[in-house]
Amino acid sequence: MTAKYRIAVVGGGSIAASHLTAIKEMGQAEACAVADIAEERAEQLAVAYNITPYIDYKEMIKTERPHIAIITLPHYLHKEAAISAAEQGCHILLEKPMAMNVQECDEIERAVRTAGVKLMVGHTQHYSAENVLAKKILQSGELGRLVMINDRRHLPYDKPQRPQWFFERAKAGGGILTNLGSHSIDKIQWLTGDTITKVRASVDYGLGRGDVEGGGLAYLETSGGIPAIVCQSGYPGAAIDETELLFTGGSLRLRTGIGVWISTGGTYSEVHTERLPGPALAMQILDLLHAVESGEEPECSMAYSRSVVAAVEGLYRSSKLRAEVLVQTVGNEDLSL
Ligand SMILES: NC(=O)c1ccc[n+]([C@@H]2O[C@H](COP(=O)([O-])OP(=O)(O)OC[C@H]3O[C@@H](n4cnc5c(N)ncnc54)[C@H](O)[C@@H]3O)[C@@H](O)[C@H]2O)c1
């Protein structure tokens with residue numbers, strides 16, 4: 001049976017195979033092709049997923065005429081590929097972060113609106129069972145009013161298997177704060193239903209590889225007035241990915257992908273996490289398909305995703321100026337949360 005939607009993948013690196021695996025399990029959509037300038041990567045994925053390989057993604061889109069393009073390229077190519085796919089009439093799932101800066105986000109948005117297609121950014125935090133549970137507990141009010149958030153992510157960033165472009169500011173936009181900080185900012189924004197409006201950050205450039213930062217600490221404030229700390233270290237040490245939400249009546253510990261614990265006094269106890277209906281990358285595509293069919297904005301809309309990029313940009317600006325900065329939020333009215 002032929003699926004209703006044909007999907008082509010632009011970029012055949014590490015996340016591409018996960019997208020292709022997710023599509024394979026879906027009834028509504030099927031993958032038709034993959035493009036990568038590294039010919040052997042495209043060939044390997046083509047054989048593994050029974051799809052057609054290309055070296056040139058523009059040629060792939062012109063030839064295959066897919067309904068959807070999933071863009072999994074290095075960050076500096078997001079804008080060019082998204083605009084090109086939109087001009088060819090494709091709906092787009094664009095990997096996070098949406099682009100290198102807010103100006104690029106705006107250029108993408110203009111092209112997408114002109115073409116009349118849908119674009120969703122792959123903010124996977126929205127599709128984690130633990131995050132969904134934490135948001136439910138927050139919204140239930142059972143722990144009282146949310147007072148503050150403390151988000152910590154430590155992960156040795158300079159691992160040999162990480163492609164070189166992640167260490168080049170001109171290609172990645174930044175280091176750990178761009179790559180993983182965008183997840184933390186997304187998580188804070190999505191959990192609170194707010195956007196980040198203010199930032200004071202201190203960014204550290206001691207990685208010793210490339211010209212991107214290896215860590216940073218930021219004080220953020222959301223549009224709803226919630227203060228948050230984001231602490232990220234890409235230096236050696238035990239890995240941790242933990243978000244603490246402090247309420248007037250208790251606290252919640254969230255370890256995305258691992259579990260959720262709450263405490264109203266004494267110790268923490270784990271809350272049972274319900275499995276989500278499907279894997280994150282499949283649910284993302286389903287949300288994009290829903291937007292295509294309903295005409296509604298997708299879960300991670302362009303305005304929302306731009307707000308994440310704006311906050312990340314704010315981190316670097318604040319650190320450079322050694323001052324608190326206001327995050328550019330113009331155009332973020334439609335947050336589709
Ligand atoms: N949501 C998540 O948790 C998550 C996880 C991993 C990666 N990502 C995002 O996915 C994107 C890709 O990351 P990755 O880890 O797969 O990177 P990667 O380097 O493994 O893959 C990128 C691929 O693009 C190819 N490429 C480069 N220029 C090209 C061009 N002009 N045309 C065609 N192909 C080209 C490269 O050869 C490479 O195979 C990034 O935006 C990254 O932040 C998101």
# chains A, B, ... in the order shown; residues from 1 in each chain; ligands from 1
call {"tool": "select_by_dssp", "arguments": {"residues": "stretch 96-309 of chain A", "states": "alpha helix (DSSP H)", "output": "PyMOL selection string"}}
result
chain A and resi 102-115+129-140+169-172+176-179+181-192+280-294+302-309
call {"tool": "closest_atom_pairs", "arguments": {"of": "chain A", "to": "ligand 1", "cutoff": "8 Å", "atoms": "only C-alpha atoms and all ligand atoms", "output": "CSV"}}
result
residue,atom,partner,partner_atom_place_in_ligand_line,distance
A:Val10,CA,ligand 1,33 (C),5.9
A:Gly11,CA,ligand 1,24 (O),3.9
A:Gly12,CA,ligand 1,39 (O),4.5
A:Gly13,CA,ligand 1,21 (O),3.2
A:Ser14,CA,ligand 1,16 (O),3.9
A:Ile15,CA,ligand 1,16 (O),3.9
A:Ala16,CA,ligand 1,16 (O),5.9
A:Ala35,CA,ligand 1,33 (C),5.4
A:Asp36,CA,ligand 1,34 (N),3.5
A:Ile37,CA,ligand 1,34 (N),4.5
A:Ala38,CA,ligand 1,37 (O),4.9
A:Arg41,CA,ligand 1,39 (O),6.5
A:Ile55,CA,ligand 1,33 (C),6.4
A:Asp56,CA,ligand 1,32 (N),6.0
A:Tyr57,CA,ligand 1,32 (N),5.8
A:Ile71,CA,ligand 1,11 (C),7.5
A:Thr72,CA,ligand 1,11 (C),4.2
A:Leu73,CA,ligand 1,24 (O),4.3
A:Pro74,CA,ligand 1,40 (C),5.1
A:His75,CA,ligand 1,41 (O),5.1
A:Leu77,CA,ligand 1,31 (N),7.0
A:His78,CA,ligand 1,41 (O),7.5
A:Leu94,CA,ligand 1,41 (O),7.8
A:Glu95,CA,ligand 1,41 (O),4.7
A:Lys96,CA,ligand 1,41 (O),5.0
A:Pro97,CA,ligand 1,41 (O),5.9
A:Met98,CA,ligand 1,41 (O),7.8
A:Gly122,CA,ligand 1,1 (N),6.0
A:His123,CA,ligand 1,1 (N),5.9
A:Thr124,CA,ligand 1,1 (N),5.1
A:Gln125,CA,ligand 1,1 (N),7.9
A:Arg162,CA,ligand 1,15 (O),7.4
A:Pro163,CA,ligand 1,19 (O),5.2
A:Gln164,CA,ligand 1,19 (O),7.9
A:Trp165,CA,ligand 1,19 (O),7.0
A:Phe166,CA,ligand 1,19 (O),7.8
A:Asn179,CA,ligand 1,43 (O),5.7
A:His183,CA,ligand 1,3 (O),7.9
call {"tool": "select_by_dssp", "arguments": {"residues": "stretch 7-229 of chain A", "states": "strand (DSSP E or B)", "output": "PyMOL selection string"}}
result
chain A and resi 7-10+29-35+52-54+68-71+91-95+119-122+146-154+196-204+215-222+227-229
call {"tool": "atom_distance", "arguments": {"atom1": "atom CA of A:Ala69", "atom2": "atom CA of A:Val212"}}
result
29.0 Å
call {"tool": "residues_around", "arguments": {"residues": "A:Gly208", "least_positions_apart": "2", "cutoff": "12 Å", "atoms": "only C-alpha atoms", "output": "number ranges by chain"}}
result
A: 157-158, 167-168, 175, 204-206, 210-215, 234-235
call {"tool": "closest_residue", "arguments": {"among": "A:Met26, A:Val9, A:Ala170, A:Ala111", "to": "A:Ile61", "atoms": "only C-alpha atoms"}}
result
A:Val9
call {"tool": "residues_around", "arguments": {"residues": "A:Val327", "least_positions_apart": "4", "cutoff": "6 Å", "atoms": "only C-alpha atoms", "output": "NGL selection string"}}
result
:A and (197-198 or 311 or 314)
call {"tool": "residues_around", "arguments": {"residues": "stretch 230-233 of chain A", "least_positions_apart": "4", "cutoff": "10 Å", "atoms": "only C-alpha atoms", "output": "PDB file with N, CA, C and O atoms, in the first residue's frame"}}
result
ATOM      1  N   ILE A 149      13.050  27.592  38.481  1.00  0.00           N
ATOM      2  CA  ILE A 149      13.515  26.384  37.785  1.00  0.00           C
ATOM      3  C   ILE A 149      15.043  26.362  37.806  1.00  0.00           C
ATOM      4  O   ILE A 149      15.697  27.391  37.624  1.00  0.00           O
ATOM      5  N   ASN A 150      15.577  25.153  38.003  1.00  0.00           N
ATOM      6  CA  ASN A 150      17.028  24.977  38.012  1.00  0.00           C
ATOM      7  C   ASN A 150      17.365  23.845  37.052  1.00  0.00           C
ATOM      8  O   ASN A 150      17.009  22.695  37.307  1.00  0.00           O
ATOM      9  N   ASP A 151      17.987  24.173  35.922  1.00  0.00           N
ATOM     10  CA  ASP A 151      18.248  23.170  34.882  1.00  0.00           C
ATOM     11  C   ASP A 151      19.746  22.946  34.750  1.00  0.00           C
ATOM     12  O   ASP A 151      20.503  23.897  34.550  1.00  0.00           O
ATOM     13  N   ARG A 152      20.172  21.681  34.864  1.00  0.00           N
ATOM     14  CA  ARG A 152      21.609  21.375  34.799  1.00  0.00           C
ATOM     15  C   ARG A 152      21.871  20.324  33.743  1.00  0.00           C
ATOM     16  O   ARG A 152      21.202  19.281  33.713  1.00  0.00           O
ATOM     17  N   ARG A 153      22.822  20.598  32.892  1.00  0.00           N
ATOM     18  CA  ARG A 153      23.192  19.598  31.888  1.00  0.00           C
ATOM     19  C   ARG A 153      24.707  19.534  31.795  1.00  0.00           C
ATOM     20  O   ARG A 153      25.353  20.516  31.422  1.00  0.00           O
ATOM     21  N   HIS A 154      25.269  18.402  32.154  1.00  0.00           N
ATOM     22  CA  HIS A 154      26.707  18.189  32.013  1.00  0.00           C
ATOM     23  C   HIS A 154      26.888  17.007  31.081  1.00  0.00           C
ATOM     24  O   HIS A 154      26.229  15.978  31.243  1.00  0.00           O
ATOM     25  N   LEU A 155      27.791  17.191  30.122  1.00  0.00           N
ATOM     26  CA  LEU A 155      28.028  16.122  29.152  1.00  0.00           C
ATOM     27  C   LEU A 155      29.346  16.438  28.443  1.00  0.00           C
ATOM     28  O   LEU A 155      29.461  17.517  27.872  1.00  0.00           O
ATOM     29  N   PRO A 156      30.332  15.555  28.567  1.00  0.00           N
ATOM     30  CA  PRO A 156      31.593  15.842  27.878  1.00  0.00           C
ATOM     31  C   PRO A 156      31.313  16.096  26.396  1.00  0.00           C
ATOM     32  O   PRO A 156      30.876  15.197  25.682  1.00  0.00           O
ATOM     33  N   TYR A 157      31.521  17.351  25.965  1.00  0.00           N
ATOM     34  CA  TYR A 157      31.051  17.767  24.627  1.00  0.00           C
ATOM     35  C   TYR A 157      32.025  17.345  23.533  1.00  0.00           C
ATOM     36  O   TYR A 157      31.614  17.056  22.410  1.00  0.00           O
ATOM     37  N   ILE A 176      27.939  24.071  23.186  1.00  0.00           N
ATOM     38  CA  ILE A 176      26.968  23.338  23.998  1.00  0.00           C
ATOM     39  C   ILE A 176      25.683  24.155  24.233  1.00  0.00           C
ATOM     40  O   ILE A 176      24.584  23.604  24.282  1.00  0.00           O
ATOM     41  N   LEU A 177      25.822  25.475  24.339  1.00  0.00           N
ATOM     42  CA  LEU A 177      24.626  26.291  24.630  1.00  0.00           C
ATOM     43  C   LEU A 177      23.688  26.371  23.425  1.00  0.00           C
ATOM     44  O   LEU A 177      22.466  26.466  23.574  1.00  0.00           O
ATOM     45  N   LEU A 180      22.747  22.056  23.051  1.00  0.00           N
ATOM     46  CA  LEU A 180      21.967  21.479  24.150  1.00  0.00           C
ATOM     47  C   LEU A 180      21.224  22.559  24.940  1.00  0.00           C
ATOM     48  O   LEU A 180      20.163  22.298  25.509  1.00  0.00           O
ATOM     49  N   GLY A 181      21.793  23.779  24.945  1.00  0.00           N
ATOM     50  CA  GLY A 181      21.102  24.888  25.614  1.00  0.00           C
ATOM     51  C   GLY A 181      19.757  25.159  24.966  1.00  0.00           C
ATOM     52  O   GLY A 181      18.792  25.521  25.643  1.00  0.00           O
ATOM     53  N   SER A 184      17.348  23.021  26.640  1.00  0.00           N
ATOM     54  CA  SER A 184      16.979  23.489  27.993  1.00  0.00           C
ATOM     55  C   SER A 184      16.020  24.670  27.907  1.00  0.00           C
ATOM     56  O   SER A 184      15.039  24.749  28.664  1.00  0.00           O
ATOM     57  N   ILE A 185      16.312  25.589  26.996  1.00  0.00           N
ATOM     58  CA  ILE A 185      15.440  26.762  26.845  1.00  0.00           C
ATOM     59  C   ILE A 185      14.067  26.328  26.349  1.00  0.00           C
ATOM     60  O   ILE A 185      13.025  26.773  26.839  1.00  0.00           O
ATOM     61  N   ILE A 188      12.194  24.777  29.283  1.00  0.00           N
ATOM     62  CA  ILE A 188      11.686  25.782  30.232  1.00  0.00           C
ATOM     63  C   ILE A 188      10.495  26.531  29.634  1.00  0.00           C
ATOM     64  O   ILE A 188       9.468  26.737  30.293  1.00  0.00           O
ATOM     65  N   ALA A 201      24.048  35.949  31.282  1.00  0.00           N
ATOM     66  CA  ALA A 201      24.806  34.708  31.115  1.00  0.00           C
ATOM     67  C   ALA A 201      26.296  34.948  31.185  1.00  0.00           C
ATOM     68  O   ALA A 201      26.792  36.039  30.906  1.00  0.00           O
ATOM     69  N   SER A 202      26.996  33.885  31.556  1.00  0.00           N
ATOM     70  CA  SER A 202      28.446  33.890  31.532  1.00  0.00           C
ATOM     71  C   SER A 202      28.860  32.643  30.752  1.00  0.00           C
ATOM     72  O   SER A 202      28.530  31.522  31.141  1.00  0.00           O
ATOM     73  N   VAL A 203      29.536  32.858  29.624  1.00  0.00           N
ATOM     74  CA  VAL A 203      29.857  31.752  28.721  1.00  0.00           C
ATOM     75  C   VAL A 203      31.358  31.497  28.780  1.00  0.00           C
ATOM     76  O   VAL A 203      32.150  32.442  28.796  1.00  0.00           O
ATOM     77  N   ASP A 204      31.742  30.205  28.794  1.00  0.00           N
ATOM     78  CA  ASP A 204      33.160  29.859  28.948  1.00  0.00           C
ATOM     79  C   ASP A 204      33.704  29.170  27.695  1.00  0.00           C
ATOM     80  O   ASP A 204      33.096  28.231  27.192  1.00  0.00           O
ATOM     81  N   LEU A 207      37.115  24.926  25.784  1.00  0.00           N
ATOM     82  CA  LEU A 207      36.992  23.564  25.250  1.00  0.00           C
ATOM     83  C   LEU A 207      38.287  23.069  24.612  1.00  0.00           C
ATOM     84  O   LEU A 207      38.581  21.883  24.641  1.00  0.00           O
ATOM     85  N   GLU A 213      31.982  27.585  22.594  1.00  0.00           N
ATOM     86  CA  GLU A 213      32.078  27.510  24.053  1.00  0.00           C
ATOM     87  C   GLU A 213      31.918  26.069  24.558  1.00  0.00           C
ATOM     88  O   GLU A 213      31.290  25.231  23.916  1.00  0.00           O
ATOM     89  N   GLY A 214      32.485  25.849  25.742  1.00  0.00           N
ATOM     90  CA  GLY A 214      32.375  24.523  26.343  1.00  0.00           C
ATOM     91  C   GLY A 214      31.423  24.500  27.519  1.00  0.00           C
ATOM     92  O   GLY A 214      31.137  23.438  28.087  1.00  0.00           O
ATOM     93  N   GLY A 215      30.932  25.682  27.929  1.00  0.00           N
ATOM     94  CA  GLY A 215      30.014  25.694  29.058  1.00  0.00           C
ATOM     95  C   GLY A 215      29.491  27.089  29.303  1.00  0.00           C
ATOM     96  O   GLY A 215      29.950  28.060  28.685  1.00  0.00           O
ATOM     97  N   GLY A 216      28.553  27.170  30.191  1.00  0.00           N
ATOM     98  CA  GLY A 216      28.019  28.482  30.529  1.00  0.00           C
ATOM     99  C   GLY A 216      26.940  28.380  31.596  1.00  0.00           C
ATOM    100  O   GLY A 216      26.362  27.310  31.827  1.00  0.00           O
ATOM    101  N   LEU A 217      26.747  29.502  32.264  1.00  0.00           N
ATOM    102  CA  LEU A 217      25.719  29.582  33.298  1.00  0.00           C
ATOM    103  C   LEU A 217      24.844  30.781  32.970  1.00  0.00           C
ATOM    104  O   LEU A 217      25.361  31.850  32.637  1.00  0.00           O
ATOM    105  N   ALA A 218      23.527  30.584  33.059  1.00  0.00           N
ATOM    106  CA  ALA A 218      22.642  31.695  32.716  1.00  0.00           C
ATOM    107  C   ALA A 218      21.508  31.824  33.711  1.00  0.00           C
ATOM    108  O   ALA A 218      20.956  30.821  34.198  1.00  0.00           O
ATOM    109  N   TYR A 219      21.186  33.076  34.017  1.00  0.00           N
ATOM    110  CA  TYR A 219      19.975  33.386  34.767  1.00  0.00           C
ATOM    111  C   TYR A 219      18.974  33.893  33.734  1.00  0.00           C
ATOM    112  O   TYR A 219      19.268  34.812  32.963  1.00  0.00           O
ATOM    113  N   LEU A 220      17.811  33.284  33.685  1.00  0.00           N
ATOM    114  CA  LEU A 220      16.806  33.652  32.696  1.00  0.00           C
ATOM    115  C   LEU A 220      15.524  34.065  33.413  1.00  0.00           C
ATOM    116  O   LEU A 220      15.268  33.633  34.542  1.00  0.00           O
ATOM    117  N   GLY A 237      33.594  14.987  33.274  1.00  0.00           N
ATOM    118  CA  GLY A 237      32.895  14.837  34.549  1.00  0.00           C
ATOM    119  C   GLY A 237      31.651  14.002  34.324  1.00  0.00           C
ATOM    120  O   GLY A 237      31.286  13.710  33.184  1.00  0.00           O
ATOM    121  N   ALA A 239      28.083  12.753  33.666  1.00  0.00           N
ATOM    122  CA  ALA A 239      27.001  13.331  32.868  1.00  0.00           C
ATOM    123  C   ALA A 239      25.754  13.516  33.723  1.00  0.00           C
ATOM    124  O   ALA A 239      25.443  12.689  34.584  1.00  0.00           O
ATOM    125  N   ILE A 240      25.067  14.616  33.505  1.00  0.00           N
ATOM    126  CA  ILE A 240      23.799  14.839  34.203  1.00  0.00           C
ATOM    127  C   ILE A 240      22.872  15.655  33.312  1.00  0.00           C
ATOM    128  O   ILE A 240      23.315  16.519  32.561  1.00  0.00           O
ATOM    129  N   ASP A 241      21.587  15.346  33.382  1.00  0.00           N
ATOM    130  CA  ASP A 241      20.580  16.106  32.633  1.00  0.00           C
ATOM    131  C   ASP A 241      19.365  16.167  33.557  1.00  0.00           C
ATOM    132  O   ASP A 241      18.563  15.234  33.603  1.00  0.00           O
ATOM    133  N   THR A 243      16.335  18.710  35.612  1.00  0.00           N
ATOM    134  CA  THR A 243      15.626  19.982  35.761  1.00  0.00           C
ATOM    135  C   THR A 243      14.823  19.904  37.063  1.00  0.00           C
ATOM    136  O   THR A 243      14.063  18.962  37.270  1.00  0.00           O
TER     137      THR A 243
END
call {"tool": "residues_around", "arguments": {"residues": "A:Thr178", "least_positions_apart": "4", "cutoff": "9 Å", "atoms": "only C-alpha atoms", "output": "list in words"}}
result
Pro97, Met100, Ala172, Gly173, Gly174, Ser182, His183, Val309, Val312 and Glu313 of chain A
call {"tool": "write_last_selection", "arguments": {"atoms": "N, CA and C atoms", "output": "compact mmCIF listing (two decimals), in the first residue's frame"}}
result
# COMPACT_ATOMS: atom_id res chain seq x y z
N PRO A 97 18.51 23.72 16.10
CA PRO A 97 17.75 24.96 16.25
C PRO A 97 17.27 25.44 14.89
N MET A 100 20.63 29.88 12.56
CA MET A 100 21.79 30.41 13.28
C MET A 100 21.44 31.64 14.12
N ALA A 172 28.06 26.01 13.31
CA ALA A 172 27.14 25.52 14.34
C ALA A 172 26.40 26.66 15.04
N GLY A 173 26.94 27.87 14.96
CA GLY A 173 26.33 29.01 15.66
C GLY A 173 26.93 29.16 17.05
N GLY A 174 27.27 28.04 17.68
CA GLY A 174 27.84 28.04 19.02
C GLY A 174 28.06 26.60 19.44
N SER A 182 19.68 24.95 23.65
CA SER A 182 18.38 25.17 22.99
C SER A 182 17.36 24.16 23.50
N HIS A 183 17.80 22.96 23.88
CA HIS A 183 16.87 21.98 24.49
C HIS A 183 16.40 22.49 25.86
N VAL A 309 15.67 30.42 19.49
CA VAL A 309 16.90 30.97 18.90
C VAL A 309 17.21 32.34 19.50
N VAL A 312 18.78 31.88 22.90
CA VAL A 312 20.16 31.38 22.80
C VAL A 312 21.08 32.54 22.38
N GLU A 313 20.63 33.31 21.42
CA GLU A 313 21.43 34.48 20.99
C GLU A 313 21.66 35.41 22.18
call {"tool": "atom_distance", "arguments": {"atom1": "atom CA of A:Ser84", "atom2": "atom CA of A:Pro298"}}
result
20.0 Å
call {"tool": "atom_distance", "arguments": {"atom1": "atom CA of A:Lys58", "atom2": "atom CA of A:Cys32"}}
result
14.5 Å
call {"tool": "residues_around", "arguments": {"residues": "A:Trp190", "least_positions_apart": "4", "cutoff": "10 Å", "atoms": "only C-alpha atoms", "output": "list in words"}}
result
His123, Gln125, His126, Asn131, Val132, Lys135, Ser184, Ile185, Asp186, Asp194, Thr195, Cys300, Tyr304, Leu335 and Leu337 of chain A
call {"tool": "write_last_selection", "arguments": {"atoms": "all heavy atoms", "output": "CSV table (one decimal), in the first residue's frame"}}
result
chain,number,residue,atom,x,y,z
A,123,HIS,N,11.7,20.2,17.9
A,123,HIS,CA,12.0,20.4,19.3
A,123,HIS,C,11.5,19.1,20.1
A,123,HIS,O,10.4,19.1,20.5
A,123,HIS,CB,11.4,21.7,19.9
A,123,HIS,CG,12.1,22.9,19.5
A,123,HIS,ND1,13.4,23.1,19.8
A,123,HIS,CD2,11.7,23.9,18.7
A,123,HIS,CE1,13.8,24.3,19.3
A,123,HIS,NE2,12.8,24.8,18.6
A,125,GLN,N,11.9,18.0,22.9
A,125,GLN,CA,11.5,18.0,24.4
A,125,GLN,C,10.0,17.8,24.6
A,125,GLN,O,9.6,17.4,25.6
A,125,GLN,CB,12.0,19.3,25.0
A,125,GLN,CG,13.5,19.5,25.0
A,125,GLN,CD,14.2,18.5,25.9
A,125,GLN,OE1,13.8,18.2,27.0
A,125,GLN,NE2,15.3,17.9,25.4
A,126,HIS,N,9.3,18.3,23.6
A,126,HIS,CA,7.8,18.2,23.7
A,126,HIS,C,7.3,16.8,23.6
A,126,HIS,O,6.1,16.5,23.8
A,126,HIS,CB,7.1,19.0,22.5
A,126,HIS,CG,7.6,20.5,22.5
A,126,HIS,ND1,6.7,21.5,22.1
A,126,HIS,CD2,8.7,21.1,22.8
A,126,HIS,CE1,7.3,22.6,22.2
A,126,HIS,NE2,8.6,22.4,22.6
A,131,ASN,N,8.8,14.8,30.3
A,131,ASN,CA,8.5,16.2,30.2
A,131,ASN,C,7.0,16.4,30.2
A,131,ASN,O,6.4,17.4,30.8
A,131,ASN,CB,9.1,16.8,29.0
A,131,ASN,CG,10.6,16.8,29.0
A,131,ASN,OD1,11.2,16.3,30.0
A,131,ASN,ND2,11.2,17.4,28.0
A,132,VAL,N,6.3,15.5,29.5
A,132,VAL,CA,4.8,15.6,29.4
A,132,VAL,C,4.2,15.5,30.8
A,132,VAL,O,3.3,16.2,31.2
A,132,VAL,CB,4.2,14.6,28.4
A,132,VAL,CG1,2.7,14.5,28.5
A,132,VAL,CG2,4.7,14.9,27.0
A,135,LYS,N,4.9,18.6,33.0
A,135,LYS,CA,4.0,19.7,32.6
A,135,LYS,C,2.6,19.5,33.2
A,135,LYS,O,1.9,20.4,33.6
A,135,LYS,CB,4.0,19.8,31.1
A,135,LYS,CG,3.2,21.0,30.6
A,135,LYS,CD,3.5,21.3,29.1
A,135,LYS,CE,2.5,22.3,28.6
A,135,LYS,NZ,3.1,23.3,27.7
A,184,SER,N,17.3,23.0,26.6
A,184,SER,CA,17.0,23.5,28.0
A,184,SER,C,16.0,24.7,27.9
A,184,SER,O,15.0,24.7,28.7
A,184,SER,CB,18.2,23.9,28.8
A,184,SER,OG,19.0,22.8,29.0
A,185,ILE,N,16.3,25.6,27.0
A,185,ILE,CA,15.4,26.8,26.8
A,185,ILE,C,14.1,26.3,26.3
A,185,ILE,O,13.0,26.8,26.8
A,185,ILE,CB,16.1,27.8,25.9
A,185,ILE,CG1,17.2,28.5,26.7
A,185,ILE,CG2,15.1,28.8,25.4
A,185,ILE,CD1,18.2,29.3,25.9
A,186,ASP,N,14.1,25.4,25.4
A,186,ASP,CA,12.8,24.9,24.9
A,186,ASP,C,12.0,24.2,26.0
A,186,ASP,O,10.8,24.5,26.2
A,186,ASP,CB,13.1,23.9,23.8
A,186,ASP,CG,11.9,23.1,23.4
A,186,ASP,OD1,10.8,23.7,23.4
A,186,ASP,OD2,12.0,21.9,23.0
A,194,ASP,N,5.6,29.9,28.7
A,194,ASP,CA,6.1,31.3,28.6
A,194,ASP,C,7.2,31.3,27.5
A,194,ASP,O,7.7,30.3,27.0
A,194,ASP,CB,6.7,31.8,29.9
A,194,ASP,CG,5.7,31.9,31.0
A,194,ASP,OD1,4.5,32.0,30.7
A,194,ASP,OD2,6.1,32.0,32.2
A,195,THR,N,7.7,32.6,27.3
A,195,THR,CA,9.0,32.7,26.5
A,195,THR,C,10.0,33.4,27.4
A,195,THR,O,9.6,34.0,28.4
A,195,THR,CB,8.8,33.6,25.2
A,195,THR,OG1,8.0,34.7,25.6
A,195,THR,CG2,8.1,32.8,24.1
A,300,CYS,N,5.5,22.9,17.2
A,300,CYS,CA,6.7,23.8,17.3
A,300,CYS,C,6.7,24.7,16.1
A,300,CYS,O,7.3,24.5,15.1
A,300,CYS,CB,7.9,23.0,17.4
A,300,CYS,SG,7.9,21.7,18.7
A,304,TYR,N,7.4,30.1,17.7
A,304,TYR,CA,7.9,29.5,18.9
A,304,TYR,C,9.4,29.2,18.8
A,304,TYR,O,10.2,29.5,19.7
A,304,TYR,CB,7.1,28.2,19.3
A,304,TYR,CG,7.7,27.5,20.5
A,304,TYR,CD1,7.4,28.0,21.7
A,304,TYR,CD2,8.6,26.5,20.4
A,304,TYR,CE1,7.9,27.4,22.9
A,304,TYR,CE2,9.2,25.9,21.5
A,304,TYR,CZ,8.8,26.4,22.7
A,304,TYR,OH,9.4,25.8,23.8
A,335,LEU,N,2.4,31.6,19.7
A,335,LEU,CA,3.3,30.6,20.2
A,335,LEU,C,2.8,29.2,20.1
A,335,LEU,O,3.5,28.2,20.4
A,335,LEU,CB,3.7,31.0,21.6
A,335,LEU,CG,4.5,32.3,21.7
A,335,LEU,CD1,4.7,32.7,23.1
A,335,LEU,CD2,5.8,32.2,20.9
A,337,LEU,N,1.2,27.1,21.8
A,337,LEU,CA,1.5,26.2,22.9
A,337,LEU,C,0.3,25.4,23.4
A,337,LEU,O,-0.8,25.9,23.3
A,337,LEU,CB,2.2,26.9,24.1
A,337,LEU,CG,3.6,27.5,23.8
A,337,LEU,CD1,4.0,28.4,24.9
A,337,LEU,CD2,4.5,26.3,23.7
call {"tool": "closest_residue", "arguments": {"among": "A:Leu281, A:Ser128, A:Pro160, A:Ser307", "to": "A:Ile258", "atoms": "only C-alpha atoms"}}
result
A:Ser128
call {"tool": "closest_residue", "arguments": {"among": "A:Val271, A:Ala17, A:Leu133, A:Ile108", "to": "A:Ala303", "atoms": "only C-alpha atoms"}}
result
A:Ile108
call {"tool": "closest_residue", "arguments": {"among": "A:Gly265, A:Gly259, A:Gly250, A:Pro277", "to": "A:Glu130", "atoms": "only C-alpha atoms"}}
result
A:Gly259
call {"tool": "closest_residue", "arguments": {"among": "A:Val199, A:Val260, A:Ala115, A:Val102", "to": "A:Ser318", "atoms": "only C-alpha atoms"}}
result
A:Val199
call {"tool": "closest_residue", "arguments": {"among": "A:Leu146, A:Ile285, A:Arg255, A:Val325", "to": "A:Glu30", "atoms": "only C-alpha atoms"}}
result
A:Ile285
